[in-house]
file input24.pdb (PDB, C-alpha atoms)
ATOM      1  CA  MET A   1      24.326 -11.052  35.097  1.00  0.00           C
ATOM      2  CA  LYS A   2      25.037 -10.326  31.443  1.00  0.00           C
ATOM      3  CA  GLU A   3      27.880 -12.866  31.501  1.00  0.00           C
ATOM      4  CA  GLU A   4      25.665 -15.483  33.140  1.00  0.00           C
ATOM      5  CA  LEU A   5      22.922 -14.832  30.584  1.00  0.00           C
ATOM      6  CA  GLU A   6      25.315 -15.219  27.656  1.00  0.00           C
ATOM      7  CA  SER A   7      26.773 -18.403  29.145  1.00  0.00           C
ATOM      8  CA  LEU A   8      23.328 -19.920  29.671  1.00  0.00           C
ATOM      9  CA  ARG A   9      22.241 -19.042  26.138  1.00  0.00           C
ATOM     10  CA  LYS A  10      25.297 -20.792  24.711  1.00  0.00           C
ATOM     11  CA  LYS A  11      24.771 -23.801  26.964  1.00  0.00           C
ATOM     12  CA  LEU A  12      21.110 -24.010  25.999  1.00  0.00           C
ATOM     13  CA  MET A  13      21.797 -23.700  22.293  1.00  0.00           C
ATOM     14  CA  TYR A  14      24.706 -26.123  22.071  1.00  0.00           C
ATOM     15  CA  GLU A  15      25.208 -28.460  25.043  1.00  0.00           C
ATOM     16  CA  ILE A  16      21.582 -29.151  25.922  1.00  0.00           C
ATOM     17  CA  ALA A  17      20.508 -29.353  22.285  1.00  0.00           C
ATOM     18  CA  GLU A  18      23.259 -31.919  21.688  1.00  0.00           C
ATOM     19  CA  ARG A  19      22.222 -33.951  24.757  1.00  0.00           C
ATOM     20  CA  ILE A  20      18.594 -33.990  23.595  1.00  0.00           C
ATOM     21  CA  LYS A  21      19.660 -35.040  20.098  1.00  0.00           C
ATOM     22  CA  GLU A  22      21.818 -37.885  21.454  1.00  0.00           C
ATOM     23  CA  ALA A  23      19.031 -39.041  23.782  1.00  0.00           C
ATOM     24  CA  ARG A  24      16.521 -39.084  20.920  1.00  0.00           C
ATOM     25  CA  GLU A  25      18.832 -41.344  18.971  1.00  0.00           C
ATOM     26  CA  LEU A  26      18.602 -43.920  21.766  1.00  0.00           C
ATOM     27  CA  GLY A  27      15.062 -44.762  20.699  1.00  0.00           C
ATOM     28  CA  ASP A  28      11.837 -44.911  22.724  1.00  0.00           C
ATOM     29  CA  LEU A  29      11.420 -41.529  24.440  1.00  0.00           C
ATOM     30  CA  SER A  30       8.780 -42.773  26.897  1.00  0.00           C
ATOM     31  CA  GLU A  31      11.391 -44.688  28.932  1.00  0.00           C
ATOM     32  CA  ASN A  32      14.444 -42.620  28.128  1.00  0.00           C
ATOM     33  CA  SER A  33      15.824 -41.074  31.335  1.00  0.00           C
ATOM     34  CA  GLU A  34      18.636 -39.273  29.492  1.00  0.00           C
ATOM     35  CA  TYR A  35      16.062 -37.520  27.335  1.00  0.00           C
ATOM     36  CA  ASP A  36      13.911 -36.616  30.346  1.00  0.00           C
ATOM     37  CA  GLU A  37      16.898 -35.232  32.238  1.00  0.00           C
ATOM     38  CA  ALA A  38      18.076 -33.188  29.243  1.00  0.00           C
ATOM     39  CA  LYS A  39      14.581 -31.741  28.740  1.00  0.00           C
ATOM     40  CA  ASN A  40      14.343 -30.892  32.471  1.00  0.00           C
ATOM     41  CA  GLU A  41      17.731 -29.163  32.314  1.00  0.00           C
ATOM     42  CA  GLN A  42      16.572 -27.277  29.226  1.00  0.00           C
ATOM     43  CA  GLY A  43      13.539 -26.045  31.157  1.00  0.00           C
ATOM     44  CA  ARG A  44      15.622 -24.921  34.154  1.00  0.00           C
ATOM     45  CA  ILE A  45      18.053 -23.024  31.957  1.00  0.00           C
ATOM     46  CA  ASP A  46      15.254 -21.450  29.935  1.00  0.00           C
ATOM     47  CA  SER A  47      13.571 -20.256  33.153  1.00  0.00           C
ATOM     48  CA  ARG A  48      16.803 -18.708  34.427  1.00  0.00           C
ATOM     49  CA  ILE A  49      17.363 -17.002  31.054  1.00  0.00           C
ATOM     50  CA  LYS A  50      13.894 -15.450  31.227  1.00  0.00           C
ATOM     51  CA  GLN A  51      14.515 -14.327  34.809  1.00  0.00           C
ATOM     52  CA  LEU A  52      17.842 -12.688  33.916  1.00  0.00           C
ATOM     53  CA  GLU A  53      16.351 -11.000  30.852  1.00  0.00           C
ATOM     54  CA  GLU A  54      13.550  -9.571  32.994  1.00  0.00           C
ATOM     55  CA  ILE A  55      16.020  -8.236  35.569  1.00  0.00           C
ATOM     56  CA  LEU A  56      18.313  -6.710  32.955  1.00  0.00           C
ATOM     57  CA  ASN A  57      15.449  -5.187  30.970  1.00  0.00           C
ATOM     58  CA  ASN A  58      14.137  -3.424  34.083  1.00  0.00           C
ATOM     59  CA  ALA A  59      17.492  -2.480  35.619  1.00  0.00           C
ATOM     60  CA  GLU A  60      18.284   1.144  36.351  1.00  0.00           C
ATOM     61  CA  ILE A  61      21.812   2.478  36.172  1.00  0.00           C
ATOM     62  CA  ILE A  62      22.714   4.505  39.250  1.00  0.00           C
ATOM     63  CA  GLU A  63      25.371   7.109  38.625  1.00  0.00           C
ATOM     64  CA  ASP A  64      28.113   7.249  41.250  1.00  0.00           C
ATOM     65  CA  ASP A  65      28.782  10.796  42.386  1.00  0.00           C
ATOM     66  CA  GLY A  66      31.946   9.703  44.224  1.00  0.00           C
ATOM     67  CA  ASP A  67      30.686  11.008  47.554  1.00  0.00           C
ATOM     68  CA  LEU A  68      31.802   8.552  50.249  1.00  0.00           C
ATOM     69  CA  SER A  69      30.296  10.517  53.129  1.00  0.00           C
ATOM     70  CA  THR A  70      27.101   8.443  53.267  1.00  0.00           C
ATOM     71  CA  VAL A  71      26.246   4.787  52.720  1.00  0.00           C
ATOM     72  CA  LYS A  72      24.736   4.188  49.277  1.00  0.00           C
ATOM     73  CA  LEU A  73      23.794   1.265  47.082  1.00  0.00           C
ATOM     74  CA  GLY A  74      26.950  -0.432  45.814  1.00  0.00           C
ATOM     75  CA  TYR A  75      29.169   0.844  48.617  1.00  0.00           C
ATOM     76  CA  VAL A  76      31.093  -1.267  51.118  1.00  0.00           C
ATOM     77  CA  VAL A  77      30.388  -0.490  54.734  1.00  0.00           C
ATOM     78  CA  GLU A  78      32.245  -1.703  57.806  1.00  0.00           C
ATOM     79  CA  LEU A  79      30.095  -2.004  60.898  1.00  0.00           C
ATOM     80  CA  GLN A  80      30.754  -2.712  64.536  1.00  0.00           C
ATOM     81  CA  ASN A  81      28.107  -4.210  66.788  1.00  0.00           C
ATOM     82  CA  ALA A  82      27.861  -1.719  69.658  1.00  0.00           C
ATOM     83  CA  GLU A  83      27.110  -4.447  72.207  1.00  0.00           C
ATOM     84  CA  THR A  84      29.525  -7.229  71.216  1.00  0.00           C
ATOM     85  CA  GLY A  85      32.246  -5.217  69.471  1.00  0.00           C
ATOM     86  CA  GLU A  86      32.110  -7.657  66.556  1.00  0.00           C
ATOM     87  CA  LYS A  87      33.077  -6.096  63.239  1.00  0.00           C
ATOM     88  CA  SER A  88      31.663  -7.008  59.852  1.00  0.00           C
ATOM     89  CA  GLN A  89      31.965  -5.674  56.341  1.00  0.00           C
ATOM     90  CA  PHE A  90      29.299  -5.791  53.635  1.00  0.00           C
ATOM     91  CA  ARG A  91      28.607  -4.419  50.184  1.00  0.00           C
ATOM     92  CA  ILE A  92      25.082  -2.990  49.936  1.00  0.00           C
ATOM     93  CA  VAL A  93      23.483  -4.360  46.749  1.00  0.00           C
ATOM     94  CA  ASN A  94      20.043  -4.860  45.244  1.00  0.00           C
ATOM     95  CA  ALA A  95      18.020  -7.932  46.181  1.00  0.00           C
ATOM     96  CA  GLN A  96      18.977  -9.876  43.022  1.00  0.00           C
ATOM     97  CA  GLU A  97      22.708  -9.550  43.732  1.00  0.00           C
ATOM     98  CA  ALA A  98      22.560 -10.311  47.460  1.00  0.00           C
ATOM     99  CA  ASN A  99      24.782 -13.192  48.572  1.00  0.00           C
ATOM    100  CA  ILE A 100      25.809 -13.294  52.209  1.00  0.00           C
ATOM    101  CA  PHE A 101      28.606 -15.760  51.420  1.00  0.00           C
ATOM    102  CA  GLU A 102      30.189 -13.129  49.156  1.00  0.00           C
ATOM    103  CA  GLY A 103      29.638 -10.346  51.706  1.00  0.00           C
ATOM    104  CA  LYS A 104      26.787  -8.769  49.743  1.00  0.00           C
ATOM    105  CA  ILE A 105      23.611  -7.807  51.596  1.00  0.00           C
ATOM    106  CA  SER A 106      20.420  -6.470  50.136  1.00  0.00           C
ATOM    107  CA  SER A 107      19.479  -2.838  50.562  1.00  0.00           C
ATOM    108  CA  ASP A 108      16.046  -4.274  51.458  1.00  0.00           C
ATOM    109  CA  SER A 109      17.423  -6.326  54.377  1.00  0.00           C
ATOM    110  CA  PRO A 110      17.097  -4.936  57.914  1.00  0.00           C
ATOM    111  CA  ILE A 111      20.785  -4.018  58.138  1.00  0.00           C
ATOM    112  CA  GLY A 112      20.900  -2.725  54.558  1.00  0.00           C
ATOM    113  CA  ARG A 113      17.880  -0.462  55.134  1.00  0.00           C
ATOM    114  CA  GLY A 114      19.238   0.564  58.517  1.00  0.00           C
ATOM    115  CA  VAL A 115      22.597   1.857  57.280  1.00  0.00           C
ATOM    116  CA  LEU A 116      21.618   3.446  53.953  1.00  0.00           C
ATOM    117  CA  THR A 117      22.107   7.236  53.923  1.00  0.00           C
ATOM    118  CA  HIS A 118      23.985   7.215  57.249  1.00  0.00           C
ATOM    119  CA  LYS A 119      27.519   8.513  57.815  1.00  0.00           C
ATOM    120  CA  VAL A 120      30.763   7.260  59.373  1.00  0.00           C
ATOM    121  CA  ASP A 121      30.692   7.230  63.191  1.00  0.00           C
ATOM    122  CA  GLU A 122      26.881   7.236  63.267  1.00  0.00           C
ATOM    123  CA  LEU A 123      25.175   4.715  65.479  1.00  0.00           C
ATOM    124  CA  VAL A 124      22.204   3.051  63.801  1.00  0.00           C
ATOM    125  CA  ARG A 125      19.535   0.950  65.443  1.00  0.00           C
ATOM    126  CA  VAL A 126      18.365  -2.011  63.371  1.00  0.00           C
ATOM    127  CA  LYS A 127      15.520  -4.439  63.953  1.00  0.00           C
ATOM    128  CA  THR A 128      16.806  -7.874  62.987  1.00  0.00           C
ATOM    129  CA  PRO A 129      15.060 -11.248  63.294  1.00  0.00           C
ATOM    130  CA  ALA A 130      17.006 -11.721  66.555  1.00  0.00           C
ATOM    131  CA  GLY A 131      15.767  -8.396  67.944  1.00  0.00           C
ATOM    132  CA  TRP A 132      17.055  -4.826  68.037  1.00  0.00           C
ATOM    133  CA  ALA A 133      20.765  -4.244  67.507  1.00  0.00           C
ATOM    134  CA  LYS A 134      22.959  -1.146  67.385  1.00  0.00           C
ATOM    135  CA  TYR A 135      25.771  -0.777  64.861  1.00  0.00           C
ATOM    136  CA  LYS A 136      28.400   1.905  64.536  1.00  0.00           C
ATOM    137  CA  ILE A 137      29.445   2.723  60.964  1.00  0.00           C
ATOM    138  CA  LEU A 138      33.237   2.523  60.920  1.00  0.00           C
ATOM    139  CA  THR A 139      34.093   3.026  57.251  1.00  0.00           C
ATOM    140  CA  ILE A 140      32.415   3.574  53.880  1.00  0.00           C
ATOM    141  CA  GLY A 141      34.150   2.644  50.637  1.00  0.00           C
ATOM    142  CA  LYS A 142      33.727   1.365  47.122  1.00  0.00           C
TER     143      LYS A 142
END

call {"tool": "encode", "arguments": {"input": "input24.pdb", "output": "C-alpha coordinates"}}
result
Amino acid sequence: MKEELESLRKKLMYEIAERIKEARELGDLSENSEYDEAKNEQGRIDSRIKQLEEILNNAEIIEDDGDLSTVKLGYVVELQNAETGEKSQFRIVNAQEANIFEGKISSDSPIGRGVLTHKVDELVRVKTPAGWAKYKILTIGK
(Lines of atoms letter the chains of each structure in order from A and count residues from 1; the text may use other names and numbers.)
(Lines give C-alpha, C1' and ligand atoms only; values in the text may rest on other atoms or scores of the structure.)
Protein backbone atom coordinates (compact mmCIF):
# COMPACT_ATOMS: atom_id res chain seq x y z
CA MET A 1 0.00 0.00 0.00
CA LYS A 2 2.90 2.32 0.78
CA GLU A 3 4.39 1.60 -2.66
CA GLU A 4 1.05 2.25 -4.37
CA LEU A 5 0.65 5.50 -2.43
CA GLU A 6 4.11 6.72 -3.40
CA SER A 7 3.53 5.78 -7.04
CA LEU A 8 0.20 7.61 -7.15
CA ARG A 9 1.70 10.72 -5.55
CA LYS A 10 4.43 10.82 -8.18
CA LYS A 11 1.92 10.24 -10.97
CA LEU A 12 -0.35 12.96 -9.64
CA MET A 13 2.45 15.46 -9.23
CA TYR A 14 4.19 14.90 -12.55
CA GLU A 15 2.21 13.00 -15.20
CA ILE A 16 -1.25 14.39 -14.52
CA ALA A 17 0.04 17.90 -13.90
CA GLU A 18 1.84 17.76 -17.25
CA ARG A 19 -1.30 16.48 -19.04
CA ILE A 20 -3.38 19.30 -17.54
CA LYS A 21 -0.76 21.86 -18.54
CA GLU A 22 -0.64 20.55 -22.13
CA ALA A 23 -4.45 20.50 -22.35
CA ARG A 24 -4.67 24.09 -21.11
CA GLU A 25 -2.33 25.16 -23.87
CA LEU A 26 -4.82 23.85 -26.43
CA GLY A 27 -7.10 26.79 -25.71
CA ASP A 28 -10.80 26.89 -24.81
CA LEU A 29 -11.28 24.68 -21.74
CA SER A 30 -15.07 24.47 -22.11
CA GLU A 31 -14.78 22.10 -25.10
CA ASN A 32 -11.44 20.52 -24.31
CA SER A 33 -11.90 16.77 -23.77
CA GLU A 34 -8.20 16.22 -23.02
CA TYR A 35 -8.44 18.72 -20.18
CA ASP A 36 -11.64 17.15 -18.84
CA GLU A 37 -10.13 13.67 -18.94
CA ALA A 38 -6.93 14.81 -17.21
CA LYS A 39 -8.93 16.56 -14.47
CA ASN A 40 -11.11 13.45 -14.00
CA GLU A 41 -7.99 11.28 -13.72
CA GLN A 42 -6.56 13.75 -11.21
CA GLY A 43 -9.71 13.40 -9.11
CA ARG A 44 -9.61 9.58 -9.21
CA ILE A 45 -5.97 9.48 -8.18
CA ASP A 46 -6.50 12.05 -5.44
CA SER A 47 -9.40 9.98 -4.04
CA ARG A 48 -7.29 6.81 -4.01
CA ILE A 49 -4.43 8.68 -2.31
CA LYS A 50 -6.78 9.85 0.44
CA GLN A 51 -8.15 6.32 0.85
CA LEU A 52 -4.66 4.80 1.15
CA GLU A 53 -3.55 7.49 3.60
CA GLU A 54 -6.60 6.78 5.77
CA ILE A 55 -5.90 3.03 5.75
CA LEU A 56 -2.21 3.46 6.54
CA ASN A 57 -2.83 6.04 9.26
CA ASN A 58 -5.23 3.69 11.05
CA ALA A 59 -3.34 0.44 10.45
CA GLU A 60 -2.25 -1.69 13.38
CA ILE A 61 0.89 -3.78 13.24
CA ILE A 62 0.26 -7.34 14.42
CA GLU A 63 3.33 -9.02 15.84
CA ASP A 64 3.90 -12.58 14.62
CA ASP A 65 4.63 -14.94 17.49
CA GLY A 66 5.68 -17.69 15.06
CA ASP A 67 3.07 -20.11 16.39
CA LEU A 68 1.70 -22.06 13.42
CA SER A 69 -0.66 -24.20 15.49
CA THR A 70 -3.71 -22.01 14.82
CA VAL A 71 -4.97 -19.99 11.87
CA LYS A 72 -4.23 -16.28 12.28
CA LEU A 73 -4.39 -13.13 10.20
CA GLY A 74 -1.66 -13.22 7.56
CA TYR A 75 -1.31 -17.00 7.56
CA VAL A 76 -1.86 -19.32 4.61
CA VAL A 77 -4.35 -22.09 5.21
CA GLU A 78 -5.07 -25.12 3.05
CA LEU A 79 -8.62 -26.38 3.28
CA GLN A 80 -10.46 -29.40 1.99
CA ASN A 81 -14.20 -29.36 1.41
CA ALA A 82 -15.46 -32.30 3.48
CA GLU A 83 -18.24 -33.09 1.00
CA THR A 84 -16.52 -32.68 -2.38
CA GLY A 85 -12.89 -33.32 -1.41
CA GLU A 86 -11.89 -30.16 -3.28
CA LYS A 87 -8.78 -28.51 -1.87
CA SER A 88 -8.08 -24.79 -1.79
CA GLN A 89 -5.42 -22.56 -0.31
CA PHE A 90 -5.88 -18.99 0.90
CA ARG A 91 -4.01 -16.31 2.80
CA ILE A 92 -6.19 -14.74 5.50
CA VAL A 93 -5.86 -10.94 5.21
CA ASN A 94 -7.72 -7.81 6.25
CA ALA A 95 -10.60 -6.55 4.12
CA GLN A 96 -8.49 -3.92 2.31
CA GLU A 97 -5.98 -6.52 1.08
CA ALA A 98 -8.50 -9.18 0.04
CA ASN A 99 -8.20 -10.31 -3.57
CA ILE A 100 -9.61 -13.71 -4.45
CA PHE A 101 -7.63 -13.75 -7.71
CA GLU A 102 -4.41 -13.59 -5.68
CA GLY A 103 -5.63 -16.21 -3.19
CA LYS A 104 -6.24 -13.66 -0.43
CA ILE A 105 -9.52 -13.80 1.49
CA SER A 106 -10.75 -11.40 4.11
CA SER A 107 -10.79 -12.39 7.75
CA ASP A 108 -14.31 -10.88 7.67
CA SER A 109 -15.52 -13.28 4.95
CA PRO A 110 -17.51 -16.37 5.97
CA ILE A 111 -14.60 -18.74 5.35
CA GLY A 112 -12.05 -16.35 6.88
CA ARG A 113 -14.13 -15.95 10.06
CA GLY A 114 -14.84 -19.67 10.11
CA VAL A 115 -11.21 -20.82 10.12
CA LEU A 116 -9.58 -18.16 12.31
CA THR A 117 -8.22 -19.58 15.59
CA HIS A 118 -8.77 -23.19 14.49
CA LYS A 119 -6.08 -25.87 14.24
CA VAL A 120 -4.85 -28.40 11.67
CA ASP A 121 -7.18 -31.40 11.26
CA GLU A 122 -10.13 -29.49 12.74
CA LEU A 123 -13.39 -29.59 10.86
CA VAL A 124 -15.08 -26.19 10.67
CA ARG A 125 -18.63 -25.47 9.61
CA VAL A 126 -19.04 -22.29 7.57
CA LYS A 127 -22.18 -20.52 6.39
CA THR A 128 -21.50 -19.34 2.85
CA PRO A 129 -23.87 -17.63 0.41
CA ALA A 130 -24.45 -21.09 -1.13
CA GLY A 131 -25.37 -22.60 2.25
CA TRP A 132 -23.53 -24.45 5.01
CA ALA A 133 -20.24 -26.13 4.16
CA LYS A 134 -17.70 -28.13 6.15
CA TYR A 135 -13.96 -27.69 5.67
CA LYS A 136 -11.08 -29.62 7.13
CA ILE A 137 -7.95 -27.57 7.86
CA LEU A 138 -5.08 -29.43 6.20
CA THR A 139 -2.12 -27.10 6.72
CA ILE A 140 -1.26 -23.72 8.24
CA GLY A 141 1.75 -21.74 7.06
CA LYS A 142 3.19 -18.32 6.43

call {"tool": "atom_distance", "arguments": {"input": "input24.pdb", "atom1": "CA of Lys10 (chain A)", "atom2": "CA of Glu102 (chain A)"}}
result
26.1 Å

call {"tool": "atom_distance", "arguments": {"input": "input24.pdb", "atom1": "CA of Asn94 (chain A)", "atom2": "CA of Ser106 (chain A)"}}
result
5.2 Å

call {"tool": "residues_near_point", "arguments": {"input": "input24.pdb", "point": "(28.3, 2.8, 62.4)", "cutoff": "6 Å", "atoms": "all atoms listed in the file", "output": "list in words"}}
result
Leu79, Val120, Asp121, Glu122, Leu123, Tyr135, Lys136, Ile137 and Leu138 of chain A

call {"tool": "closest_residue", "arguments": {"input": "input24.pdb", "among": "A:Gly27, A:Tyr35, A:Ala59, A:Arg48", "to": "Leu8 (chain A)", "atoms": "all atoms listed in the file"}}
result
A:Arg48

call {"tool": "atom_distance", "arguments": {"input": "input24.pdb", "atom1": "CA of Asn57 (chain A)", "atom2": "CA of Lys104 (chain A)"}}
result
22.2 Å

call {"tool": "resolve_selection", "arguments": {"input": "input24.pdb", "expression": "the PyMOL selection byres ((chain A and resi 112) around 10)", "output": "list in words"}}
result
Val71, Lys72, Leu73, Val77, Phe90, Arg91, Ile92, Val93, Asn94, Lys104, Ile105, Ser106, Ser107, Asp108, Ser109, Pro110, Ile111, Arg113, Gly114, Val115, Leu116 and Val126 of chain A

call {"tool": "resolve_selection", "arguments": {"input": "input24.pdb", "expression": "the PyMOL selection byres ((chain A and resi 132) around 12)", "output": "NGL selection string"}}
result
:A and (81-83 or 110-111 or 114 or 124-131 or 133-135)

call {"tool": "resolve_selection", "arguments": {"input": "input24.pdb", "expression": "the PyMOL selection byres ((chain A and resi 41-47) around 12)", "output": "ChimeraX atom specification"}}
result
/A:4-20,34-40,48-54
